[in-house]
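So the structure is just underneath, and the comments pick up after that.
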Amino acid sequence: AVGPSLAVGVSAAVRRARLRRRRRRRAAAPIAGLHRRDPFVGEISSRLERFALSRRDLALSGNGSEPASGGEVVAVLGEQLDREVGVELGDTPLALVGPGAADAGRALVTTLLARTNPATVQVVAVGDVLPAGPSFPGLQRFDDLQTALTLLDDELDRRRRDRSASISGTAPMSEPLLVLATSGVPDALSEQFSALIREGAGLGVTVVGVGCQLDGTETLTLQPGAVVRSTGAGRLDPLAGTRLFTLSPGATAELLDLLCAARTDEERSLPEAEDEPFPLLPSAGPPPIEVRLLGGYQIEANGKEIRSGLRAKARELLAFYLLHPEGTTLDVATEALWPEADPGRGSEWFWTALGNLRTTLRRATGTKELRIIERDGDRYRVEPVFGVDLWEFQAALPRRTGANPSDPEWAAALESAAELYGGELLAGVDWAWVEVPRDDLRRRAVDVLVSLAATRLVGGDARSALDALSRAVEIDPVAEQLYRRIMRLHAKQSRPHEVEATFRRLEARLGELDLEPTPESKKLVDELCGAASG
């Protein structure tokens with residue numbers, strides 16, 4: 001059981017990890033299909049992301065990346081009367097003991113990492129407090145406490161010097177809170193550890209003990225179910241009866257892996273994702289309803305846009321099923337569209353939205369018996385009464401790879417697909433289930449344009465090839481390989497100034513997202529400009 005604060009932090013990490021993946025992505029041969037569930041994000045992360053968008057208002061503070069009001073770092077512990085509760089960690093060295101302490105400690109530390117940034121909080125985890133994995137900005141791991149204490153002692157000395165300099169007016173004083181998380185202290189290190197607790201209080205260093213009683217800390221004693229039975233200090237008395245959040249080792253490992261992907265450019269060892277097929281529904285003549293999903297969302301019946309009568313959830317339900325022409329079960333639809341629903345309520349909301357959708361579209365088309373979304377076995381699926389720009393784009397995409405770039409039919413297919421991609425899927429909406437197919441379609445459109453540029457180059461048309469790559473950059477302005485292709489093309493045409501200008505545009509685009517070009521891009525621009533000057 002975890003809380004909205006962790007969900008919000010995980011949602012932000014998912015977006016950041018996807019952004020870094022887009023930045024590193026390399027073009028492949030274009031092919032029809034559509035990923036609707038992110039193959040690089042685990043099941044727990046996906047569920048938390050969907051939950052976060054619907055229950056953001058319940059998180060203890062902010063947007064998952066800032067400390068609580070007043071600048072104090074709040075450690076989210078659990079829930080009491082359906083509300084998140086926590087403690088200001090900088091003032092409260094804390095120990096958790098009793099049944100479930102290990103699971104509660106993992107949840108506390110993971111939530112702290114997810115909802116803050118390294119400039120605010122840095123965690124030093126010792127031993128088995130967290131499952132094995134890499135360090136990343138915000139998290140340092142140590143196998144033994146002695147090594148961690150030595151590092152923190154050195155850090156305390158530096159902070160003392162900086163504090164003295166700050167008081168004398170020669171240096172600023174702004175440091176992240178350092179949190180040492182450990183599952184025990186050997187007797188030989190108890191004195192050094194106690195000194196750390198005493199001296200760290202005024203220098204932004206604190207301790208979380210997991211499953212162990214520690215001198216100098218305030219203790220929460222847990223009973224089965226991770227419910228606080230008693231507290232070790234008066235200031236924590238209100239936490240009695242609080243049910244602490246918990247995370248298993250496997251769930252913690254998945255979430256920490258996600259945070260690592262969001263904060264570093266390290267490649268993750270993941271299986272190659274297979275394309276999901278996108279079935280094309282048969283057409284029996286001009287469809288009475290036209291829907292635009294690429295570049296915006298617009299529904300027309302008999303040539304007139306439907307602007308009223310259709311509720312927001314009915315519009316979302318239609319878009320969801322147009323992206324799933326093969327159909328889905330009721331459970332899959334309700335989990336995607338109503339992740340916040342209590343058991344049983346999701347199906348009620350589904351039928352309410354579907355009823356409004358049917359009534360509005362039948363009225364707009366003047367066909368009382370028009371079939372919109374119907375049951376087929378254990379699935380619901382759209383009927384072939386729609387003309388959808390996304391379906392047209394999918395129909396234009398190649399069904400196989402390995403085509404010859406000089407083949408006129410291949411070039412014509414690419415030209416058609418490029419023209420049919422009208423823009424970002426459902427631009428302007430923030431439905432959680434949209435983000436994965438939106439990113440996937442963006443990738444496929446870029447693949448089309450990169451292949452189109454290659455066919456144009458084979459035909460000797462460098463200018464048109466550059467136009468195709470420039471449009472690809474407009475579609476995905478953070479994909480570095482596109483800028484590198486453009487730089488190489490400018491270099492072949494002896495345009496060193498354009499090479500450098502392209503790199504500067506890349507720097508500016510990434511700078512808006514607090515990212516920098518990779519060493520690969522920096523090396524390339526140096527080589528191309530150096531070759532031109534030589």
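Numbering starts fresh at 1 for the residues of each chain in the structure tokens, the chains themselves are lettered A, B, ... in the order given, and ligands are numbered from 1 as they appear.
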message = Taking only region 311-352 of chain A into account, list the residues labelled alpha helix (DSSP H) by DSSP (computed from the backbone), as a list in words.
response =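 Listing alpha helix (DSSP H) positions across region 311-352 of chain A yields Ala312, Lys313, Ala314, Arg315, Glu316, Leu317, Leu318, Ala319, Phe320, Tyr321, Leu322, Leu330, Asp331, Val332, Ala333, Thr334, Glu335, Ala336, Leu337, Arg345, Gly346, Ser347, Glu348, Trp349, Phe350, Trp351 and Thr352 of chain A.
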Write the selection just made, keeping N, CA and C atoms, as a tab-separated table (two decimals), in the first residue's frame?
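Saved to selection.tsv:
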```tsv
chain	number	residue	atom	x	y	z
A	312	ALA	N	-17.39	14.74	-21.43
A	312	ALA	CA	-15.94	14.56	-21.53
A	312	ALA	C	-15.56	13.08	-21.50
A	313	LYS	N	-16.15	12.30	-20.61
A	313	LYS	CA	-15.80	10.89	-20.51
A	313	LYS	C	-16.31	10.09	-21.70
A	314	ALA	N	-17.39	10.54	-22.31
A	314	ALA	CA	-17.86	9.87	-23.52
A	314	ALA	C	-16.89	10.10	-24.66
A	315	ARG	N	-16.37	11.31	-24.77
A	315	ARG	CA	-15.35	11.60	-25.80
A	315	ARG	C	-14.10	10.76	-25.56
A	316	GLU	N	-13.71	10.65	-24.29
A	316	GLU	CA	-12.52	9.86	-23.98
A	316	GLU	C	-12.75	8.38	-24.28
A	317	LEU	N	-13.95	7.88	-23.97
A	317	LEU	CA	-14.27	6.48	-24.24
A	317	LEU	C	-14.18	6.17	-25.73
A	318	LEU	N	-14.70	7.09	-26.56
A	318	LEU	CA	-14.63	6.87	-28.01
A	318	LEU	C	-13.18	6.86	-28.48
A	319	ALA	N	-12.38	7.83	-28.03
A	319	ALA	CA	-10.97	7.88	-28.44
A	319	ALA	C	-10.24	6.61	-28.03
A	320	PHE	N	-10.52	6.12	-26.82
A	320	PHE	CA	-9.86	4.90	-26.33
A	320	PHE	C	-10.15	3.72	-27.25
A	321	TYR	N	-11.42	3.56	-27.65
A	321	TYR	CA	-11.76	2.41	-28.48
A	321	TYR	C	-11.33	2.59	-29.93
A	322	LEU	N	-11.20	3.82	-30.39
A	322	LEU	CA	-10.66	4.02	-31.74
A	322	LEU	C	-9.18	3.66	-31.79
A	330	LEU	N	-14.22	-5.00	-20.62
A	330	LEU	CA	-14.72	-3.92	-19.78
A	330	LEU	C	-13.70	-3.55	-18.71
A	331	ASP	N	-13.04	-4.55	-18.13
A	331	ASP	CA	-12.07	-4.29	-17.07
A	331	ASP	C	-10.90	-3.45	-17.58
A	332	VAL	N	-10.39	-3.78	-18.77
A	332	VAL	CA	-9.27	-3.02	-19.33
A	332	VAL	C	-9.67	-1.57	-19.57
A	333	ALA	N	-10.86	-1.36	-20.11
A	333	ALA	CA	-11.31	0.01	-20.39
A	333	ALA	C	-11.49	0.82	-19.10
A	334	THR	N	-12.13	0.22	-18.10
A	334	THR	CA	-12.38	0.97	-16.87
A	334	THR	C	-11.09	1.25	-16.11
A	335	GLU	N	-10.13	0.32	-16.16
A	335	GLU	CA	-8.86	0.56	-15.48
A	335	GLU	C	-8.12	1.72	-16.13
A	336	ALA	N	-8.20	1.84	-17.45
A	336	ALA	CA	-7.52	2.92	-18.16
A	336	ALA	C	-8.23	4.26	-17.97
A	337	LEU	N	-9.55	4.27	-18.05
A	337	LEU	CA	-10.30	5.53	-18.04
A	337	LEU	C	-10.68	5.99	-16.64
A	345	ARG	N	-17.64	0.47	-9.33
A	345	ARG	CA	-18.10	1.77	-9.81
A	345	ARG	C	-17.63	2.03	-11.24
A	346	GLY	N	-16.47	1.48	-11.61
A	346	GLY	CA	-15.95	1.72	-12.95
A	346	GLY	C	-16.92	1.27	-14.03
A	347	SER	N	-17.55	0.11	-13.84
A	347	SER	CA	-18.49	-0.38	-14.84
A	347	SER	C	-19.72	0.51	-14.94
A	348	GLU	N	-20.16	1.07	-13.81
A	348	GLU	CA	-21.29	2.01	-13.84
A	348	GLU	C	-20.93	3.23	-14.67
A	349	TRP	N	-19.74	3.76	-14.46
A	349	TRP	CA	-19.32	4.96	-15.20
A	349	TRP	C	-19.14	4.63	-16.68
A	350	PHE	N	-18.66	3.42	-16.98
A	350	PHE	CA	-18.52	2.99	-18.37
A	350	PHE	C	-19.87	3.04	-19.07
A	351	TRP	N	-20.90	2.47	-18.47
A	351	TRP	CA	-22.21	2.42	-19.12
A	351	TRP	C	-22.82	3.80	-19.24
A	352	THR	N	-22.57	4.67	-18.26
A	352	THR	CA	-23.07	6.05	-18.35
A	352	THR	C	-22.44	6.77	-19.53
```
query = Quick one: residues within 6 Å of Pro93 (chain A), only C-alpha atoms counted, chain neighbours fewer than 3 positions away excluded, as a list in words?
reply =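 Near neighbours after the sequence-gap exclusion: Thr206, Val207 and Thr217 of chain A.
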Export, as a PDB file, in the first residue's frame, the selected residues with N, CA and C atoms.
```
ATOM      1  N   THR A 206      20.566  13.778   8.714  1.00  0.00           N
ATOM      2  CA  THR A 206      19.679  13.066   9.639  1.00  0.00           C
ATOM      3  C   THR A 206      19.734  11.574   9.340  1.00  0.00           C
ATOM      4  N   VAL A 207      19.011  10.796  10.149  1.00  0.00           N
ATOM      5  CA  VAL A 207      19.112   9.339  10.114  1.00  0.00           C
ATOM      6  C   VAL A 207      17.723   8.721  10.089  1.00  0.00           C
ATOM      7  N   THR A 217      17.400   8.621  18.277  1.00  0.00           N
ATOM      8  CA  THR A 217      16.328   8.731  17.289  1.00  0.00           C
ATOM      9  C   THR A 217      14.978   8.676  17.991  1.00  0.00           C
TER      10      THR A 217
END
```
task = Please identify all polymer residues within 9 Å of Ile372 (chain A), counting only C-alpha atoms, omitting same-chain residues fewer than 5 positions from it, and present them as a list in words.
result = Leu318, Leu354, Leu357, Arg358, Leu361, Arg362, Arg381, Val382, Glu383, Pro384, Val385 and Phe386 of chain A
request  = Determine, counting only C-alpha atoms, which protein, DNA and RNA residues have an atom within 7 Å of an atom of region 94-105 of chain A; residues of the same chain fewer than 5 positions away are not included. Present the result as an MDAnalysis selection string.
outcome  = chainID A and resid 207:214 217:226 244:248
Residues near region 280-283 of chain A, cut-off 10 Å, only C-alpha atoms, skip fewer than 2 positions along chain, as a list of chain:residue names =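 Residues near the query, excluding close chain neighbours: A:Pro277, A:Phe278, A:Gly285, A:Pro286, A:Pro287, A:Pro325, A:Glu326, A:Val382, A:Glu383, A:Pro384, A:Val385, A:Phe386, A:Gly387, A:Trp391, A:Glu392, A:Gln394, A:Ala395.
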message = Measuring between only C-alpha atoms, which one of A:Leu152, A:Val126, A:Leu390, A:Leu108 shows the shortest distance to Gly78 (chain A)?
response =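 Counting only C-alpha atoms, the residue closest to Gly78 (chain A) is A:Leu108.
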